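Novice: Sending over structure.json (JSON, C-alpha atoms).
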[["chain", "number", "residue", "atom", "x", "y", "z"],
["E", 216, "MET", "CA", -3.53, -19.72, 30.61],
["E", 217, "ALA", "CA", -0.07, -18.84, 29.34],
["E", 218, "TYR", "CA", 0.47, -19.32, 25.60],
["E", 219, "ARG", "CA", 3.46, -20.33, 23.54],
["E", 220, "VAL", "CA", 3.57, -18.52, 20.20],
["E", 221, "LEU", "CA", 5.74, -18.94, 17.10],
["E", 222, "LEU", "CA", 6.18, -15.73, 15.05],
["E", 223, "VAL", "CA", 7.49, -16.22, 11.53],
["E", 224, "ASP", "CA", 8.42, -13.07, 9.60],
["E", 225, "ASP", "CA", 11.61, -11.99, 7.87],
["E", 226, "SER", "CA", 11.25, -8.51, 9.38],
["E", 227, "PRO", "CA", 12.54, -8.36, 12.98],
["E", 228, "ALA", "CA", 10.62, -5.08, 13.31],
["E", 229, "MET", "CA", 7.33, -6.76, 12.38],
["E", 230, "ARG", "CA", 8.00, -9.64, 14.79],
["E", 231, "SER", "CA", 8.65, -7.12, 17.53],
["E", 232, "PHE", "CA", 5.45, -5.23, 16.66],
["E", 233, "ILE", "CA", 3.30, -8.38, 16.70],
["E", 234, "ARG", "CA", 4.83, -9.58, 19.98],
["E", 235, "ARG", "CA", 4.07, -6.20, 21.56],
["E", 236, "VAL", "CA", 0.47, -6.22, 20.28],
["E", 237, "ILE", "CA", -0.08, -9.73, 21.68],
["E", 238, "VAL", "CA", 1.16, -8.67, 25.12],
["E", 239, "LEU", "CA", -0.72, -5.34, 25.10],
["E", 240, "SER", "CA", -3.90, -7.19, 24.07],
["E", 241, "GLY", "CA", -3.77, -9.02, 27.38],
["E", 242, "PHE", "CA", -2.58, -12.48, 26.36],
["E", 243, "ASP", "CA", -0.37, -14.17, 28.90],
["E", 244, "LEU", "CA", 2.66, -14.90, 26.73],
["E", 245, "ASP", "CA", 4.68, -17.76, 28.18],
["E", 246, "VAL", "CA", 7.14, -18.12, 25.31],
["E", 247, "CYS", "CA", 7.49, -16.25, 22.03],
["E", 248, "VAL", "CA", 9.61, -18.23, 19.60],
["E", 249, "GLU", "CA", 10.74, -16.31, 16.51],
["E", 250, "ALA", "CA", 11.87, -17.35, 13.05],
["E", 251, "GLY", "CA", 12.92, -15.36, 9.99],
["E", 252, "ASP", "CA", 11.59, -17.79, 7.39],
["E", 253, "GLY", "CA", 9.78, -21.09, 6.96],
["E", 254, "ALA", "CA", 12.88, -23.27, 7.20],
["E", 255, "GLU", "CA", 13.89, -21.71, 10.50],
["E", 256, "ALA", "CA", 10.30, -22.06, 11.72],
["E", 257, "LEU", "CA", 10.31, -25.80, 11.03],
["E", 258, "GLU", "CA", 13.60, -26.11, 12.89],
["E", 259, "ARG", "CA", 12.17, -24.23, 15.89],
["E", 260, "LEU", "CA", 9.03, -26.40, 15.81],
["E", 261, "ARG", "CA", 11.21, -29.49, 16.21],
["E", 262, "GLN", "CA", 12.64, -27.98, 19.40],
["E", 263, "GLU", "CA", 9.69, -26.09, 20.91],
["E", 264, "LYS", "CA", 6.06, -26.89, 21.53],
["E", 265, "VAL", "CA", 3.79, -23.98, 20.60],
["E", 266, "ASP", "CA", 0.06, -23.27, 20.83],
["E", 267, "VAL", "CA", -0.24, -21.11, 17.71],
["E", 268, "ILE", "CA", 1.80, -20.06, 14.68],
["E", 269, "LEU", "CA", 1.60, -16.58, 13.17],
["E", 270, "THR", "CA", 3.30, -16.50, 9.78],
["E", 271, "ASP", "CA", 4.05, -14.06, 6.99],
["E", 272, "ILE", "CA", 4.02, -15.38, 3.41],
["E", 273, "ASN", "CA", 6.68, -13.50, 1.48],
["E", 274, "MET", "CA", 9.99, -14.57, 3.03],
["E", 275, "PRO", "CA", 13.38, -15.66, 1.69],
["E", 276, "CYS", "CA", 14.52, -19.31, 1.65],
["E", 277, "MET", "CA", 11.15, -20.86, 2.49],
["E", 278, "ASP", "CA", 7.95, -18.82, 2.23],
["E", 279, "GLY", "CA", 4.83, -19.10, 4.35],
["E", 280, "GLU", "CA", 2.99, -21.14, 1.77],
["E", 281, "GLU", "CA", 5.65, -23.86, 1.75],
["E", 282, "LEU", "CA", 5.79, -23.71, 5.55],
["E", 283, "LEU", "CA", 2.07, -24.44, 5.84],
["E", 284, "ARG", "CA", 2.39, -27.21, 3.26],
["E", 285, "ARG", "CA", 5.18, -28.88, 5.27],
["E", 286, "ILE", "CA", 3.21, -28.47, 8.51],
["E", 287, "SER", "CA", 0.10, -30.02, 6.95],
["E", 288, "GLU", "CA", 2.19, -33.04, 5.90],
["E", 289, "ASP", "CA", 3.62, -33.57, 9.38],
["E", 290, "SER", "CA", 1.34, -35.46, 11.77],
["E", 291, "ARG", "CA", 3.15, -33.96, 14.80],
["E", 292, "LEU", "CA", 2.56, -30.39, 13.64],
["E", 293, "ARG", "CA", -0.65, -30.31, 11.64],
["E", 294, "ASP", "CA", -2.90, -29.72, 14.65],
["E", 295, "ILE", "CA", -1.15, -26.48, 15.64],
["E", 296, "PRO", "CA", -3.41, -23.62, 14.50],
["E", 297, "ALA", "CA", -1.79, -21.18, 12.06],
["E", 298, "ILE", "CA", -2.76, -17.60, 11.30],
["E", 299, "VAL", "CA", -1.36, -15.88, 8.21],
["E", 300, "VAL", "CA", -0.30, -12.22, 8.60],
["E", 301, "SER", "CA", 0.50, -10.88, 5.15],
["E", 302, "THR", "CA", 0.42, -7.81, 2.91],
["E", 303, "ASP", "CA", -1.02, -10.03, 0.20],
["E", 304, "SER", "CA", -4.80, -9.92, 0.54],
["E", 305, "THR", "CA", -5.63, -11.11, -2.97],
["E", 306, "LYS", "CA", -8.40, -13.72, -3.14],
["E", 307, "PRO", "CA", -6.33, -16.47, -4.83],
["E", 308, "ARG", "CA", -3.69, -16.24, -2.10],
["E", 309, "ILE", "CA", -6.18, -16.25, 0.76],
["E", 310, "LEU", "CA", -7.92, -19.30, -0.70],
["E", 311, "ARG", "CA", -4.61, -21.13, -1.17],
["E", 312, "MET", "CA", -3.50, -20.46, 2.40],
["E", 313, "ILE", "CA", -6.84, -21.54, 3.85],
["E", 314, "GLY", "CA", -6.63, -24.65, 1.65],
["E", 315, "LEU", "CA", -3.26, -25.40, 3.25],
["E", 316, "GLY", "CA", -4.81, -25.26, 6.70],
["E", 317, "ALA", "CA", -4.56, -21.62, 7.82],
["E", 318, "GLN", "CA", -7.27, -20.99, 10.40],
["E", 319, "GLY", "CA", -7.03, -17.21, 10.20],
["E", 320, "TYR", "CA", -5.87, -14.61, 7.69],
["E", 321, "ILE", "CA", -4.91, -11.08, 8.71],
["E", 322, "ALA", "CA", -4.07, -8.57, 6.01],
["E", 323, "LYS", "CA", -1.37, -6.00, 6.79],
["E", 324, "PRO", "CA", -2.00, -3.27, 7.78],
["E", 325, "PHE", "CA", -4.01, -4.66, 10.68],
["E", 326, "SER", "CA", -5.47, -3.23, 13.85],
["E", 327, "PRO", "CA", -4.53, -4.66, 17.26],
["E", 328, "GLU", "CA", -8.19, -5.69, 17.61],
["E", 329, "SER", "CA", -8.11, -7.86, 14.48],
["E", 330, "LEU", "CA", -5.03, -9.70, 15.75],
["E", 331, "ARG", "CA", -6.59, -10.17, 19.19],
["E", 332, "GLU", "CA", -9.84, -11.49, 17.68],
["E", 333, "ALA", "CA", -8.02, -13.92, 15.39],
["E", 334, "LEU", "CA", -5.95, -15.25, 18.30],
["E", 335, "GLU", "CA", -9.00, -15.56, 20.56],
["E", 336, "LYS", "CA", -10.79, -17.51, 17.85],
["E", 337, "VAL", "CA", -8.06, -20.08, 17.20],
["E", 338, "LEU", "CA", -7.05, -20.41, 20.86],
["E", 339, "GLY", "CA", -10.67, -20.62, 22.03],
["E", 340, "CYS", "CA", -10.24, -17.96, 24.68],
["E", 341, "GLN", "CA", -11.25, -14.41, 25.51],
["E", 342, "VAL", "CA", -8.78, -11.91, 26.98],
["Q", 68, "MET", "CA", -6.18, -2.16, -17.59],
["Q", 69, "VAL", "CA", -5.44, -0.03, -14.53],
["Q", 70, "THR", "CA", -5.50, 3.71, -15.14],
["Q", 71, "PRO", "CA", -2.89, 6.06, -13.63],
["Q", 72, "ALA", "CA", -5.66, 7.68, -11.57],
["Q", 73, "GLU", "CA", -6.70, 4.30, -10.11],
["Q", 74, "LEU", "CA", -3.10, 3.49, -9.30],
["Q", 75, "THR", "CA", -2.33, 6.75, -7.53],
["Q", 76, "SER", "CA", -5.66, 6.64, -5.72],
["Q", 77, "SER", "CA", -4.97, 3.11, -4.50],
["Q", 78, "ILE", "CA", -1.49, 4.05, -3.28],
["Q", 79, "ALA", "CA", -2.88, 7.09, -1.46],
["Q", 80, "ALA", "CA", -5.54, 4.96, 0.23],
["Q", 81, "ALA", "CA", -3.00, 2.27, 1.16],
["Q", 82, "ALA", "CA", -0.49, 4.80, 2.52],
["Q", 83, "SER", "CA", -3.16, 6.46, 4.60],
["Q", 84, "SER", "CA", -4.43, 3.12, 5.92],
["Q", 85, "VAL", "CA", -0.94, 1.84, 6.82],
["Q", 86, "LEU", "CA", 0.06, 5.05, 8.59],
["Q", 87, "GLU", "CA", -3.19, 5.30, 10.55],
["Q", 88, "THR", "CA", -3.53, 1.62, 11.45],
["Q", 89, "MET", "CA", 0.05, 0.67, 12.23],
["Q", 90, "PHE", "CA", 1.54, 4.00, 13.36],
["Q", 91, "PHE", "CA", -1.46, 6.08, 14.50],
["Q", 92, "ALA", "CA", -0.13, 8.80, 12.17],
["Q", 93, "GLU", "CA", -2.09, 10.99, 9.78],
["Q", 94, "ALA", "CA", -0.92, 11.85, 6.28],
["Q", 95, "GLU", "CA", -2.43, 14.43, 3.96],
["Q", 96, "PRO", "CA", -1.78, 14.38, 0.21],
["Q", 97, "CYS", "CA", 0.37, 17.30, -0.92],
["Q", 98, "PRO", "CA", 1.10, 18.41, -4.49],
["Q", 99, "SER", "CA", 4.89, 18.11, -4.32],
["Q", 100, "VAL", "CA", 7.95, 18.16, -2.08],
["Q", 101, "PRO", "CA", 10.86, 20.53, -2.79],
["Q", 102, "GLU", "CA", 13.92, 18.85, -4.34],
["Q", 103, "GLU", "CA", 16.09, 19.85, -1.37],
["Q", 104, "GLN", "CA", 13.82, 17.89, 1.01],
["Q", 105, "ARG", "CA", 13.46, 15.03, -1.46],
["Q", 106, "SER", "CA", 17.21, 14.57, -1.81],
["Q", 107, "GLN", "CA", 17.54, 14.06, 1.96],
["Q", 108, "MET", "CA", 15.02, 11.23, 2.03],
["Q", 109, "THR", "CA", 15.69, 7.61, 2.87],
["Q", 110, "ALA", "CA", 14.20, 5.57, 0.04],
["Q", 111, "VAL", "CA", 13.01, 2.00, -0.38],
["Q", 112, "ARG", "CA", 12.13, 0.09, -3.54],
["Q", 113, "VAL", "CA", 9.83, -2.92, -3.94],
["Q", 114, "GLY", "CA", 9.58, -4.75, -7.25],
["Q", 115, "PHE", "CA", 6.38, -6.64, -8.00],
["Q", 116, "ASP", "CA", 4.86, -8.96, -10.55],
["Q", 117, "GLY", "CA", 1.75, -11.05, -11.08],
["Q", 118, "GLY", "CA", -1.34, -9.33, -12.50],
["Q", 119, "LEU", "CA", 0.78, -6.18, -12.70],
["Q", 120, "ARG", "CA", 4.55, -5.97, -13.08],
["Q", 121, "GLY", "CA", 6.63, -2.98, -12.06],
["Q", 122, "GLU", "CA", 8.33, -1.15, -9.24],
["Q", 123, "PHE", "CA", 7.21, 0.86, -6.22],
["Q", 124, "ARG", "CA", 9.43, 3.43, -4.54],
["Q", 125, "ILE", "CA", 8.89, 5.41, -1.38],
["Q", 126, "GLY", "CA", 11.00, 8.04, 0.35],
["Q", 127, "PHE", "CA", 10.77, 9.27, 3.94],
["Q", 128, "GLU", "CA", 12.32, 12.36, 5.44],
["Q", 129, "PRO", "CA", 14.85, 11.17, 8.06],
["Q", 130, "HIS", "CA", 13.06, 12.65, 11.06],
["Q", 131, "LEU", "CA", 9.79, 11.03, 9.98],
["Q", 132, "ALA", "CA", 11.48, 7.66, 9.35],
["Q", 133, "ARG", "CA", 12.89, 7.70, 12.89],
["Q", 134, "ALA", "CA", 9.54, 8.76, 14.40],
["Q", 135, "LEU", "CA", 7.72, 5.98, 12.54],
["Q", 136, "ALA", "CA", 10.27, 3.41, 13.70],
["Q", 137, "ALA", "CA", 9.95, 4.57, 17.31],
["Q", 138, "ALA", "CA", 6.14, 4.38, 17.15],
["Q", 139, "PHE", "CA", 6.22, 0.94, 15.53],
["Q", 140, "LEU", "CA", 8.69, -0.51, 18.00],
["Q", 141, "GLY", "CA", 7.27, 1.22, 21.07],
["Q", 142, "MET", "CA", 10.55, 3.00, 21.79],
["Q", 143, "ASP", "CA", 11.76, 6.54, 22.27],
["Q", 144, "ASP", "CA", 13.15, 8.23, 19.11],
["Q", 145, "SER", "CA", 16.60, 8.44, 20.67],
["Q", 146, "GLU", "CA", 16.70, 4.69, 21.43],
["Q", 147, "VAL", "CA", 16.09, 3.53, 17.86],
["Q", 148, "ALA", "CA", 19.14, 2.31, 15.93],
["Q", 149, "GLN", "CA", 19.50, 3.18, 12.24],
["Q", 150, "GLU", "CA", 19.20, -0.52, 11.38],
["Q", 151, "GLU", "CA", 15.81, -0.59, 13.10],
["Q", 152, "VAL", "CA", 14.74, 2.55, 11.22],
["Q", 153, "ASN", "CA", 15.69, 0.81, 7.96],
["Q", 154, "GLN", "CA", 13.77, -2.35, 8.91],
["Q", 155, "VAL", "CA", 10.63, -0.36, 9.73],
["Q", 156, "ILE", "CA", 10.63, 1.73, 6.55],
["Q", 157, "CYS", "CA", 11.25, -1.40, 4.46],
["Q", 158, "GLU", "CA", 8.28, -3.07, 6.15],
["Q", 159, "THR", "CA", 6.20, 0.10, 5.65],
["Q", 160, "ALA", "CA", 7.03, 0.10, 1.93],
["Q", 161, "ASN", "CA", 6.10, -3.58, 1.76],
["Q", 162, "MET", "CA", 2.73, -2.96, 3.44],
["Q", 163, "ILE", "CA", 1.82, 0.07, 1.31],
["Q", 164, "CYS", "CA", 2.80, -1.62, -1.94],
["Q", 165, "GLY", "CA", 1.05, -4.88, -1.04],
["Q", 166, "ALA", "CA", -2.11, -3.16, 0.17],
["Q", 167, "ALA", "CA", -2.28, -0.94, -2.93],
["Q", 168, "LEU", "CA", -1.85, -3.84, -5.35],
["Q", 169, "SER", "CA", -4.30, -6.02, -3.44],
["Q", 170, "ARG", "CA", -6.92, -3.27, -3.78],
["Q", 171, "ILE", "CA", -6.36, -2.95, -7.53],
["Q", 172, "GLU", "CA", -5.92, -6.59, -8.46],
["Q", 173, "SER", "CA", -7.77, -8.48, -5.76],
["Q", 174, "ASP", "CA", -8.52, -11.45, -8.06],
["Q", 175, "GLN", "CA", -4.99, -11.74, -9.46],
["Q", 176, "HIS", "CA", -1.85, -13.47, -8.27],
["Q", 177, "MET", "CA", 0.64, -11.02, -6.75],
["Q", 178, "ARG", "CA", 4.31, -11.40, -5.84],
["Q", 179, "LEU", "CA", 6.41, -8.77, -4.09],
["Q", 180, "GLU", "CA", 10.19, -8.69, -4.06],
["Q", 181, "MET", "CA", 11.94, -8.14, -0.76],
["Q", 182, "PRO", "CA", 12.00, -4.39, -0.03],
["Q", 183, "ALA", "CA", 15.46, -2.84, -0.23],
["Q", 184, "LEU", "CA", 16.96, 0.55, 0.48],
["Q", 185, "ALA", "CA", 17.27, 2.55, -2.73],
["Q", 186, "ASP", "CA", 19.15, 5.49, -4.16],
["Q", 187, "THR", "CA", 17.15, 8.68, -3.58],
["Q", 188, "THR", "CA", 18.77, 10.34, -6.56],
["Q", 189, "ALA", "CA", 17.64, 7.62, -8.98],
["Q", 190, "GLU", "CA", 15.72, 8.87, -12.01],
["Q", 191, "CYS", "CA", 11.95, 8.77, -11.37],
["Q", 192, "GLY", "CA", 10.76, 10.22, -14.68],
["Q", 193, "GLU", "CA", 8.59, 7.23, -15.63],
["Q", 194, "PHE", "CA", 7.04, 6.93, -12.18],
["Q", 195, "LEU", "CA", 3.56, 8.10, -11.25],
["Q", 196, "GLN", "CA", 4.31, 10.15, -8.18],
["Q", 197, "ALA", "CA", 2.31, 11.13, -5.11],
["Q", 198, "CYS", "CA", 3.42, 12.98, -2.00],
["Q", 199, "PHE", "CA", 2.06, 13.12, 1.53],
["Q", 200, "MET", "CA", 2.72, 15.38, 4.48],
["Q", 201, "THR", "CA", 2.65, 14.26, 8.09],
["Q", 202, "PRO", "CA", 3.36, 16.38, 11.19],
["Q", 203, "GLU", "CA", 6.82, 14.73, 11.32],
["Q", 204, "GLY", "CA", 7.80, 15.21, 7.67],
["Q", 205, "ALA", "CA", 7.09, 14.31, 4.06],
["Q", 206, "ILE", "CA", 6.69, 11.03, 2.19],
["Q", 207, "CYS", "CA", 7.07, 10.68, -1.58],
["Q", 208, "THR", "CA", 5.87, 7.62, -3.46],
["Q", 209, "GLY", "CA", 6.33, 6.56, -7.06],
["Q", 210, "VAL", "CA", 5.10, 3.59, -9.04],
["Q", 211, "ARG", "CA", 6.01, 2.36, -12.49],
["Q", 212, "ILE", "CA", 4.10, -0.34, -14.37],
["Q", 213, "GLU", "CA", 5.91, -2.21, -17.16]]
What does the file become when written as structure tokens?
Specialist:
Amino acid sequence: MAYRVLLVDDSPAMRSFIRRVIVLSGFDLDVCVEAGDGAEALERLRQEKVDVILTDINMPCMDGEELLRRISEDSRLRDIPAIVVSTDSTKPRILRMIGLGAQGYIAKPFSPESLREALEKVLGCQV
Amino acid sequence: MVTPAELTSSIAAAASSVLETMFFAEAEPCPSVPEEQRSQMTAVRVGFDGGLRGEFRIGFEPHLARALAAAFLGMDDSEVAQEEVNQVICETANMICGAALSRIESDQHMRLEMPALADTTAECGEFLQACFMTPEGAICTGVRIE
């Protein structure tokens, strides 16, 4: 199955790295939509259908926490699984993001295996 | 209260983890880096607050910065634009700072400012400093808690 992924991170370099890891892990990437912050991500979600969202937290304009809050309030978006990819691995933050509906939490730095496993889990597949 | 030893130890562990995991690079702690090398570095600063409030700085020798960017982006050194080098070292600073603080204050709220390129000649007298050597060049870090 080919997957449609939304990558949300203010660093183009990190988006490029994650996209490369997804492809090298063996996922069939149909479309990789990218956004530099939460507001842009919401705009892209209005235009594109995606299977999974990978989002950073600390971003300008709208952060990842507000993005997940808006997604959880939108009946058209709330069923899309979201995985947080963040440098912040403090317990209060992880609990807040899971409370907002994140189905996975990957702390940077992360191994390609941890990203693959998190994607396999939320997409219900094995590559 | 975090001790200077805990802080430098956490930064060393975070730097090592980030370089190994994201770049497949090894870094060994070194006592210092000569001023001539230090003045050539490309530096990044990240302010932080929450359980701890302060500033993290990191400098990379130019050849190392380019090699890290190439490894991160899956490109050849010669193909990497300076803007991409800057993006990668900013992200590296963000990861090292975030990982170090998360280790120290795992139960506390943490907020990082956006990483930004910094002046390598800025005064670092109040900063706890630690240096690392990789096969591609040196890295100097400094952290100051308010």
Novice: Might you pull out every residue within 9 Å of Arg105 (chain Q), with all atoms listed in the file counted and same-chain residues fewer than 5 positions away left off, and present them as a CSV table (one decimal) with C-alpha atoms, in the frame of the given file?
Specialist:
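Result file follows (out_17.csv):
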chain,number,residue,atom,x,y,z
Q,100,VAL,CA,8.0,18.2,-2.1
Q,126,GLY,CA,11.0,8.0,0.4
Q,127,PHE,CA,10.8,9.3,3.9
Q,128,GLU,CA,12.3,12.4,5.4
Q,187,THR,CA,17.2,8.7,-3.6
Q,188,THR,CA,18.8,10.3,-6.6
Q,205,ALA,CA,7.1,14.3,4.1
Q,206,ILE,CA,6.7,11.0,2.2
Q,207,CYS,CA,7.1,10.7,-1.6
Novice: Just give me the gap between CA of Ala185 (chain Q) and CA of Ala254 (chain E) in Å, one decimal is fine.
Specialist: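 The value is 28.0 Å.
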Novice: With a cut-off of 10 Å and counting all atoms listed in the file, select all residues of chain E in contact with chain Q and give the selection as a list in words.
Specialist: Asp225, Ser226, Pro227, Ala228, Met229, Arg230, Ser231, Phe232, Ile233, Arg235, Asn273, Met274, Pro275, Ser301, Thr302, Asp303, Ser304, Thr305, Lys306, Pro307, Arg308, Ala322, Lys323, Pro324, Phe325, Ser326 and Pro327 of chain E
Novice: Take the residues from that selection and put them in a file with C-alpha atoms, as an mmCIF file, in the coordinates of the input.
Specialist:
data_model
loop_
_atom_site.group_PDB
_atom_site.id
_atom_site.type_symbol
_atom_site.label_atom_id
_atom_site.label_comp_id
_atom_site.auth_asym_id
_atom_site.auth_seq_id
_atom_site.Cartn_x
_atom_site.Cartn_y
_atom_site.Cartn_z
ATOM 1 C CA ASP E 225 11.610 -11.990 7.870
ATOM 2 C CA SER E 226 11.250 -8.510 9.380
ATOM 3 C CA PRO E 227 12.540 -8.360 12.980
ATOM 4 C CA ALA E 228 10.620 -5.080 13.310
ATOM 5 C CA MET E 229 7.330 -6.760 12.380
ATOM 6 C CA ARG E 230 8.000 -9.640 14.790
ATOM 7 C CA SER E 231 8.650 -7.120 17.530
ATOM 8 C CA PHE E 232 5.450 -5.230 16.660
ATOM 9 C CA ILE E 233 3.300 -8.380 16.700
ATOM 10 C CA ARG E 235 4.070 -6.200 21.560
ATOM 11 C CA ASN E 273 6.680 -13.500 1.480
ATOM 12 C CA MET E 274 9.990 -14.570 3.030
ATOM 13 C CA PRO E 275 13.380 -15.660 1.690
ATOM 14 C CA SER E 301 0.500 -10.880 5.150
ATOM 15 C CA THR E 302 0.420 -7.810 2.910
ATOM 16 C CA ASP E 303 -1.020 -10.030 0.200
ATOM 17 C CA SER E 304 -4.800 -9.920 0.540
ATOM 18 C CA THR E 305 -5.630 -11.110 -2.970
ATOM 19 C CA LYS E 306 -8.400 -13.720 -3.140
ATOM 20 C CA PRO E 307 -6.330 -16.470 -4.830
ATOM 21 C CA ARG E 308 -3.690 -16.240 -2.100
ATOM 22 C CA ALA E 322 -4.070 -8.570 6.010
ATOM 23 C CA LYS E 323 -1.370 -6.000 6.790
ATOM 24 C CA PRO E 324 -2.000 -3.270 7.780
ATOM 25 C CA PHE E 325 -4.010 -4.660 10.680
ATOM 26 C CA SER E 326 -5.470 -3.230 13.850
ATOM 27 C CA PRO E 327 -4.530 -4.660 17.260
#
Novice: Between CA of Glu335 (chain E) and CA of Arg284 (chain E), measure the distance and give it in Å to one decimal.
Specialist: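 Interatomic distance here is 23.8 Å.
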Novice: Using only C-alpha atoms, which of the listed residues (E:Val265, E:Ala256, E:Val300, E:Val238) sits closest to Arg219 (chain E)?
Specialist: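 Of all the options, E:Val265 lies closest to Arg219 (chain E).
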